[in-house]
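Have a look at work_3.pdb; it's PDB, C-alpha atoms and all ligand atoms:
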```pdb
ATOM      1  CA  MET V  79     131.534 122.628 102.288
ATOM      2  CA  SER V  80     129.394 120.068 103.986
ATOM      3  CA  ALA V  81     125.944 119.048 102.847
ATOM      4  CA  THR V  82     123.316 120.237 105.343
ATOM      5  CA  ARG V  83     120.113 118.419 104.400
ATOM      6  CA  LEU V  84     120.922 114.998 105.665
ATOM      7  CA  LEU V  85     119.451 111.661 106.493
ATOM      8  CA  LEU V  86     121.118 109.040 108.673
ATOM      9  CA  LEU V  87     119.974 105.533 107.851
ATOM     10  CA  GLY V  88     120.784 102.343 109.722
ATOM     11  CA  PRO V  89     119.315  99.694 111.993
ATOM     12  CA  PRO V  90     118.336 100.402 115.601
ATOM     13  CA  GLY V  91     121.521 100.806 117.621
ATOM     14  CA  ALA V  92     123.701 101.697 114.624
ATOM     15  CA  GLY V  93     124.648 104.980 116.286
ATOM     16  CA  LYS V  94     122.430 107.324 114.267
ATOM     17  CA  GLY V  95     121.472 109.376 117.324
ATOM     18  CA  THR V  96     125.061 109.659 118.544
ATOM     19  CA  GLN V  97     126.366 110.731 115.150
ATOM     20  CA  ALA V  98     123.430 113.102 114.698
ATOM     21  CA  GLN V  99     124.399 114.813 117.970
ATOM     22  CA  ARG V 100     127.958 115.286 116.693
ATOM     23  CA  LEU V 101     126.614 116.859 113.529
ATOM     24  CA  VAL V 102     124.326 119.163 115.522
ATOM     25  CA  GLU V 103     127.421 120.488 117.306
ATOM     26  CA  GLY V 104     129.581 120.596 114.188
ATOM     27  CA  LEU V 105     127.123 122.063 111.714
ATOM     28  CA  GLY V 106     124.701 124.003 113.928
ATOM     29  CA  ILE V 107     121.632 122.419 112.363
ATOM     30  CA  PRO V 108     118.885 120.540 114.217
ATOM     31  CA  GLN V 109     118.492 116.809 114.614
ATOM     32  CA  ILE V 110     115.035 115.634 113.669
ATOM     33  CA  SER V 111     114.316 112.322 115.392
ATOM     34  CA  THR V 112     110.781 111.018 114.987
ATOM     35  CA  GLY V 113     111.543 108.493 117.764
ATOM     36  CA  ASP V 114     112.358 111.334 120.201
ATOM     37  CA  MET V 115     109.282 113.292 119.105
ATOM     38  CA  LEU V 116     107.026 110.264 119.475
ATOM     39  CA  ARG V 117     108.433 109.472 122.939
ATOM     40  CA  ALA V 118     107.771 113.084 123.951
ATOM     41  CA  ALA V 119     104.211 112.798 122.614
ATOM     42  CA  VAL V 120     103.646 109.595 124.618
ATOM     43  CA  ALA V 121     105.023 111.259 127.761
ATOM     44  CA  ALA V 122     102.817 114.316 127.223
ATOM     45  CA  GLY V 123      99.736 112.153 126.589
ATOM     46  CA  THR V 124      98.848 113.846 123.300
ATOM     47  CA  GLU V 125      96.630 112.318 120.608
ATOM     48  CA  VAL V 126      99.720 111.357 118.578
ATOM     49  CA  GLY V 127     101.231 109.770 121.685
ATOM     50  CA  ARG V 128      98.108 107.724 122.334
ATOM     51  CA  LEU V 129      98.118 106.508 118.732
ATOM     52  CA  ALA V 130     101.829 105.667 118.761
ATOM     53  CA  LYS V 131     102.365 103.981 122.108
ATOM     54  CA  GLU V 132     101.187 100.425 121.403
ATOM     55  CA  TYR V 133     103.281 100.204 118.224
ATOM     56  CA  MET V 134     106.373 101.551 119.947
ATOM     57  CA  ASP V 135     106.034  99.150 122.868
ATOM     58  CA  ARG V 136     106.031  96.216 120.433
ATOM     59  CA  GLY V 137     108.867  97.594 118.329
ATOM     60  CA  ASP V 138     106.559  97.926 115.324
ATOM     61  CA  LEU V 139     106.395 100.968 113.086
ATOM     62  CA  VAL V 140     103.892 103.661 113.967
ATOM     63  CA  PRO V 141     101.481 104.098 111.003
ATOM     64  CA  ASP V 142     102.878 106.197 108.161
ATOM     65  CA  GLU V 143     100.188 108.893 108.286
ATOM     66  CA  VAL V 144     100.933 109.613 111.958
ATOM     67  CA  VAL V 145     104.713 109.786 111.544
ATOM     68  CA  ILE V 146     104.555 111.719 108.280
ATOM     69  CA  GLY V 147     102.403 114.364 109.989
ATOM     70  CA  VAL V 148     104.890 114.705 112.837
ATOM     71  CA  ALA V 149     107.872 114.977 110.476
ATOM     72  CA  ARG V 150     106.225 117.450 108.089
ATOM     73  CA  GLU V 151     105.340 119.769 110.939
ATOM     74  CA  ARG V 152     108.883 119.661 112.278
ATOM     75  CA  LEU V 153     110.500 120.264 108.884
ATOM     76  CA  ALA V 154     108.350 123.363 108.428
ATOM     77  CA  GLN V 155     109.841 124.989 111.569
ATOM     78  CA  PRO V 156     112.154 127.926 110.778
ATOM     79  CA  ASP V 157     115.278 126.314 112.277
ATOM     80  CA  ALA V 158     115.094 123.504 109.694
ATOM     81  CA  GLY V 159     115.564 126.095 106.940
ATOM     82  CA  LYS V 160     119.345 126.053 107.531
ATOM     83  CA  GLY V 161     119.448 122.294 107.174
ATOM     84  CA  PHE V 162     118.602 119.253 109.265
ATOM     85  CA  ILE V 163     119.741 115.800 110.251
ATOM     86  CA  LEU V 164     116.947 113.296 109.895
ATOM     87  CA  ASP V 165     117.387 110.398 112.314
ATOM     88  CA  GLY V 166     114.897 107.529 112.197
ATOM     89  CA  PHE V 167     112.724 109.050 109.464
ATOM     90  CA  PRO V 168     111.872 107.940 106.810
ATOM     91  CA  ARG V 169     111.546 104.251 107.622
ATOM     92  CA  THR V 170     109.228 103.128 104.790
ATOM     93  CA  ARG V 171     108.947 103.808 101.076
ATOM     94  CA  ALA V 172     105.719 105.786 101.667
ATOM     95  CA  GLN V 173     107.533 107.967 104.209
ATOM     96  CA  ALA V 174     110.450 108.501 101.810
ATOM     97  CA  GLU V 175     108.074 109.605  99.069
ATOM     98  CA  ALA V 176     106.231 111.921 101.465
ATOM     99  CA  LEU V 177     109.574 113.404 102.498
ATOM    100  CA  ASP V 178     110.480 114.024  98.864
ATOM    101  CA  ASP V 179     107.133 115.768  98.350
ATOM    102  CA  THR V 180     107.551 117.937 101.453
ATOM    103  CA  LEU V 181     111.130 118.936 100.627
ATOM    104  CA  GLY V 182     110.140 119.486  97.002
ATOM    105  CA  GLU V 183     107.427 121.914  98.107
ATOM    106  CA  LEU V 184     109.926 123.710 100.335
ATOM    107  CA  GLY V 185     112.473 123.806  97.486
ATOM    108  CA  THR V 186     115.101 122.129  99.670
ATOM    109  CA  PRO V 187     115.755 118.565  98.464
ATOM    110  CA  LEU V 188     117.705 116.037 100.498
ATOM    111  CA  GLU V 189     121.425 116.257  99.724
ATOM    112  CA  ARG V 190     122.851 113.175 101.408
ATOM    113  CA  CYS V 191     121.749 109.870 102.857
ATOM    114  CA  VAL V 192     124.438 108.287 105.029
ATOM    115  CA  SER V 193     123.834 104.600 105.606
ATOM    116  CA  LEU V 194     125.656 103.251 108.677
ATOM    117  CA  LEU V 195     126.779  99.654 108.191
ATOM    118  CA  VAL V 196     126.992  97.576 111.375
ATOM    119  CA  ASN V 197     126.819  93.934 112.353
ATOM    120  CA  GLU V 198     123.660  92.719 114.018
ATOM    121  CA  ASP V 199     125.236  91.066 117.093
ATOM    122  CA  GLU V 200     127.128  94.258 117.870
ATOM    123  CA  VAL V 201     123.933  96.271 117.503
ATOM    124  CA  VAL V 202     121.903  94.062 119.823
ATOM    125  CA  ASP V 203     124.742  94.315 122.333
ATOM    126  CA  ARG V 204     124.712  98.131 122.147
ATOM    127  CA  LEU V 205     120.949  98.236 122.577
ATOM    128  CA  LEU V 206     121.015  95.964 125.616
ATOM    129  CA  LYS V 207     123.636  98.256 127.174
ATOM    130  CA  ARG V 208     121.480 101.306 126.380
ATOM    131  CA  ALA V 209     118.521  99.555 128.013
ATOM    132  CA  GLY V 210     120.492  99.518 131.255
ATOM    133  CA  ILE V 211     121.468 103.188 130.975
ATOM    134  CA  GLU V 212     118.315 104.865 129.613
ATOM    135  CA  GLY V 213     115.610 102.414 130.639
ATOM    136  CA  ARG V 214     113.765 102.754 127.338
ATOM    137  CA  ALA V 215     110.588 100.644 127.317
ATOM    138  CA  ASP V 216     111.423  99.184 123.886
ATOM    139  CA  ASP V 217     115.010  98.114 124.701
ATOM    140  CA  ASN V 218     114.364  94.509 125.729
ATOM    141  CA  GLU V 219     115.684  91.575 123.734
ATOM    142  CA  ALA V 220     112.414  90.419 122.107
ATOM    143  CA  THR V 221     111.503  93.948 121.029
ATOM    144  CA  ILE V 222     115.040  94.600 119.835
ATOM    145  CA  ARG V 223     114.922  91.482 117.609
ATOM    146  CA  ASN V 224     111.564  92.642 116.235
ATOM    147  CA  ARG V 225     112.933  96.122 115.513
ATOM    148  CA  MET V 226     115.866  94.553 113.606
ATOM    149  CA  GLN V 227     113.461  92.474 111.506
ATOM    150  CA  VAL V 228     111.224  95.484 110.863
ATOM    151  CA  TYR V 229     114.325  97.401 109.743
ATOM    152  CA  LYS V 230     115.300  94.660 107.282
ATOM    153  CA  ASP V 231     111.796  94.276 105.875
ATOM    154  CA  GLN V 232     110.653  97.881 105.659
ATOM    155  CA  THR V 233     113.565 100.287 105.983
ATOM    156  CA  GLU V 234     116.582  98.627 104.365
ATOM    157  CA  PRO V 235     114.972  98.881 100.890
ATOM    158  CA  LEU V 236     115.448 102.654 101.239
ATOM    159  CA  VAL V 237     119.189 102.133 100.704
ATOM    160  CA  ALA V 238     118.409 101.304  97.063
ATOM    161  CA  TYR V 239     115.880 104.154  96.905
ATOM    162  CA  TYR V 240     118.545 106.712  97.841
ATOM    163  CA  ARG V 241     121.247 105.006  95.785
ATOM    164  CA  ASP V 242     119.022 105.453  92.738
ATOM    165  CA  LYS V 243     118.719 109.145  93.561
ATOM    166  CA  GLY V 244     122.510 109.466  93.717
ATOM    167  CA  VAL V 245     122.611 110.797  97.304
ATOM    168  CA  LEU V 246     123.654 107.603  99.130
ATOM    169  CA  ARG V 247     126.981 107.204 100.936
ATOM    170  CA  GLU V 248     127.674 103.978 102.814
ATOM    171  CA  VAL V 249     129.811 104.340 105.926
ATOM    172  CA  ASP V 250     131.398 101.675 108.116
ATOM    173  CA  GLY V 251     129.569 102.083 111.435
ATOM    174  CA  MET V 252     131.914  99.843 113.434
ATOM    175  CA  GLY V 253     134.579 101.371 115.666
ATOM    176  CA  SER V 254     134.768 104.279 118.090
ATOM    177  CA  VAL V 255     132.341 107.200 117.998
ATOM    178  CA  ASP V 256     135.230 109.476 116.907
ATOM    179  CA  GLU V 257     136.333 107.173 114.101
ATOM    180  CA  ILE V 258     132.811 106.913 112.752
ATOM    181  CA  ALA V 259     132.328 110.694 113.038
ATOM    182  CA  VAL V 260     135.354 111.224 110.776
ATOM    183  CA  ARG V 261     133.925 108.834 108.178
ATOM    184  CA  VAL V 262     130.526 110.537 108.325
ATOM    185  CA  GLU V 263     132.164 113.934 107.867
ATOM    186  CA  GLU V 264     133.993 112.639 104.787
ATOM    187  CA  ALA V 265     130.738 111.307 103.407
ATOM    188  CA  LEU V 266     129.190 114.782 103.667
ATOM    189  CA  ALA V 267     131.996 116.620 101.888
TER     190      ALA V 267
HETATM  191  P1  LIG Z   1     113.787 105.210 117.384
HETATM  192  O1  LIG Z   1     114.064 106.022 118.600
HETATM  193  O2  LIG Z   1     114.098 105.935 116.109
HETATM  194  O3  LIG Z   1     114.439 103.848 117.434
HETATM  195  O4  LIG Z   1     112.205 104.962 117.355
HETATM  196  C1  LIG Z   1     111.563 104.288 118.403
HETATM  197  C2  LIG Z   1     110.216 103.759 117.932
HETATM  198  O5  LIG Z   1     109.398 104.861 117.502
HETATM  199  C3  LIG Z   1     110.271 102.823 116.743
HETATM  200  O6  LIG Z   1     110.524 101.481 117.119
HETATM  201  C4  LIG Z   1     108.879 103.000 116.156
HETATM  202  O7  LIG Z   1     107.908 102.316 116.909
HETATM  203  C5  LIG Z   1     108.647 104.492 116.363
HETATM  204  N1  LIG Z   1     109.124 105.285 115.212
HETATM  205  C6  LIG Z   1     110.126 106.217 115.202
HETATM  206  N2  LIG Z   1     110.303 106.737 113.989
HETATM  207  C7  LIG Z   1     109.416 106.113 113.175
HETATM  208  C8  LIG Z   1     109.113 106.184 111.783
HETATM  209  N3  LIG Z   1     109.799 106.999 110.967
HETATM  210  N4  LIG Z   1     108.123 105.388 111.317
HETATM  211  C9  LIG Z   1     107.416 104.570 112.117
HETATM  212  N5  LIG Z   1     107.659 104.433 113.422
HETATM  213  C10 LIG Z   1     108.641 105.197 113.971
END
```
As structure tokens - that is how I would like this structure written.
Amino acid sequence: MSATRLLLLGPPGAGKGTQAQRLVEGLGIPQISTGDMLRAAVAAGTEVGRLAKEYMDRGDLVPDEVVIGVARERLAQPDAGKGFILDGFPRTRAQAEALDDTLGELGTPLERCVSLLVNEDEVVDRLLKRAGIEGRADDNEATIRNRMQVYKDQTEPLVAYYRDKGVLREVDGMGSVDEIAVRVEEALA
């Protein structure tokens, strides 16, 4: 039996989105990516999108209250009742605590946090390649370096947060997509 209330943690470019997609196919539960939702909000010109855009363009974090609202709403959708793969949320301690509160209210606590371990040069390389393929506005070198620093300062401390809760599994994120998928699967067993 695999855990189904999951969080993928790791720096930008670690492969969270790719592995989340694999899990969507394998487990039949939705991926919840605040980055994807925020990009959609920017494209649609909503209030959330207007608030988020300048932060995203710089590679800074969108304010907690905005992102927490987006994530809470998504987690309350019926399809998340079967489980979910959080990708890119939470990214701060305040977000992690808000997530705990939300899941506590729903009676469905997080079961696993998989932290993908990668080396920074490899990650920057992957992101520069993705910039060429997807043309994301925030995939240029200066923004990528900022996003790495933001990860170290604000998000990496969550590794200890989830270790303390006993749900953390650290997975080697270097290698082929298939190899990493096998390791992730083992970490969910
Ligand atoms: P991502 O696609 O997850 O790399 O997210 C792209 C950008 O969206 C980030 O660089 C942030 O500006 C913003 N973003 C996504 N998720 C969050 C979050 N949980 N907290 C704050 N900002 C976020």
Evaluate the PyMOL selection byres (((chain V and resi 198) around 10) and not hetatm) and report residues as a ChimeraX atom specification
/V:89-92,195-197,199-204,223,226
Would you write out those residues with C-alpha atoms, as a short mmCIF file (atom, residue, chain, number, x, y, z; two decimals), in the frame of the given file?
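What follows is the written file selection.cif:
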```cif
data_model
loop_
_atom_site.label_atom_id
_atom_site.label_comp_id
_atom_site.auth_asym_id
_atom_site.auth_seq_id
_atom_site.Cartn_x
_atom_site.Cartn_y
_atom_site.Cartn_z
CA PRO V 89 119.32 99.69 111.99
CA PRO V 90 118.34 100.40 115.60
CA GLY V 91 121.52 100.81 117.62
CA ALA V 92 123.70 101.70 114.62
CA LEU V 195 126.78 99.65 108.19
CA VAL V 196 126.99 97.58 111.38
CA ASN V 197 126.82 93.93 112.35
CA ASP V 199 125.24 91.07 117.09
CA GLU V 200 127.13 94.26 117.87
CA VAL V 201 123.93 96.27 117.50
CA VAL V 202 121.90 94.06 119.82
CA ASP V 203 124.74 94.32 122.33
CA ARG V 204 124.71 98.13 122.15
CA ARG V 223 114.92 91.48 117.61
CA MET V 226 115.87 94.55 113.61
#
```
If you count all atoms listed in the file, which residues fall within 12 Å of segment 133-147 of chain V, apart from same-chain ones fewer than 2 positions away, as a ChimeraX atom specification?
/V:90,111-117,119-120,125-131,149-154,166-180,214-229,231-233
Given only C-alpha atoms as the counted atoms, nearest of V:Leu266, V:Ile163, V:Cys191, V:Ala238 to Thr96 of chain V:
V:Ile163
Between V:Lys230, V:Lys94, V:Arg83, V:Arg247, which one has atoms that come closest to ligand LIG 1 (chain Z), using all atoms listed in the file?
V:Lys94
Can you tell me how far atom CA of Ser193 of chain V sits from atom CA of Gly88 of chain V, in Å to one decimal?
5.6 Å
Using the chain letters and numbers from the file, give me the residues hit by the PyMOL selection byres (((chain V and resi 258) around 12) and not hetatm), as a PyMOL selection string.
chain V and resi 92-94+96-98+100-101+192-196+248-257+259-265
Can you translate the PyMOL selection byres (((chain V and resi 81) around 8) and not hetatm) into the concrete residues it hits in this file, as a list in words?
Met79, Ser80, Thr82, Arg83, Leu84, Glu189, Arg190, Leu266 and Ala267 of chain V
Atom CA of Gly95 of chain V to atom C1 of ligand LIG 1 (chain Z), distance in Å rounded to a single decimal:
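Computing the Euclidean distance for atom CA of Gly95 of chain V and atom C1 of ligand LIG 1 (chain Z) yields 11.2 Å.
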Work out where the centre of an axis-aligned box around every listed atom of ligand LIG 1 (chain Z) lies and how long its edges are once 4 Å is added on each side; give both in Å to one decimal as lines of an AutoDock Vina configuration file.
```
center_x = 110.9
center_y = 104.2
center_z = 114.8
size_x = 15.0
size_y = 13.5
size_z = 15.6
```
Which is closer to Leu188 of chain V than all the others in V:Val102, V:Val148, V:Leu164, V:Ala121, using all atoms listed in the file?
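Ranking V:Val102, V:Val148, V:Leu164, V:Ala121 by distance to Leu188 of chain V, first place goes to V:Leu164.
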Would you mind reading off the distance between atom C5 of ligand LIG 1 (chain Z) and atom CA of Gly104 of chain V, one decimal, in Å?
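Answer for the atom C5 of ligand LIG 1 (chain Z) to atom CA of Gly104 of chain V separation: 26.5 Å.
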Repair of segment 251-265 of chain V at the level of N, CA and C atoms, as a compact mmCIF listing (two decimals), in the frame of the given file:
```txt
# COMPACT_ATOMS: atom_id res chain seq x y z
N GLY V 251 130.04 101.61 110.14
CA GLY V 251 129.57 102.08 111.44
C GLY V 251 130.18 101.34 112.61
N MET V 252 131.25 100.57 112.36
CA MET V 252 131.91 99.84 113.43
C MET V 252 133.16 100.61 113.86
N GLY V 253 133.40 100.67 115.17
CA GLY V 253 134.58 101.37 115.67
C GLY V 253 134.16 102.39 116.71
N SER V 254 135.08 103.30 117.05
CA SER V 254 134.77 104.28 118.09
C SER V 254 133.88 105.38 117.52
N VAL V 255 133.20 106.09 118.41
CA VAL V 255 132.34 107.20 118.00
C VAL V 255 133.15 108.21 117.18
N ASP V 256 134.39 108.50 117.61
CA ASP V 256 135.23 109.48 116.91
C ASP V 256 135.59 108.99 115.50
N GLU V 257 135.96 107.72 115.42
CA GLU V 257 136.33 107.17 114.10
C GLU V 257 135.17 107.26 113.12
N ILE V 258 133.99 106.91 113.63
CA ILE V 258 132.81 106.91 112.75
C ILE V 258 132.46 108.35 112.37
N ALA V 259 132.63 109.28 113.31
CA ALA V 259 132.33 110.69 113.04
C ALA V 259 133.20 111.22 111.89
N VAL V 260 134.45 110.80 111.86
CA VAL V 260 135.35 111.22 110.78
C VAL V 260 134.84 110.70 109.44
N ARG V 261 134.43 109.43 109.44
CA ARG V 261 133.93 108.83 108.18
C ARG V 261 132.65 109.54 107.72
N VAL V 262 131.79 109.86 108.68
CA VAL V 262 130.53 110.54 108.32
C VAL V 262 130.84 111.90 107.72
N GLU V 263 131.77 112.62 108.36
CA GLU V 263 132.16 113.93 107.87
C GLU V 263 132.66 113.84 106.42
N GLU V 264 133.48 112.82 106.16
CA GLU V 264 133.99 112.64 104.79
C GLU V 264 132.85 112.38 103.81
N ALA V 265 131.86 111.66 104.29
CA ALA V 265 130.74 111.31 103.41
C ALA V 265 129.86 112.51 103.09
```
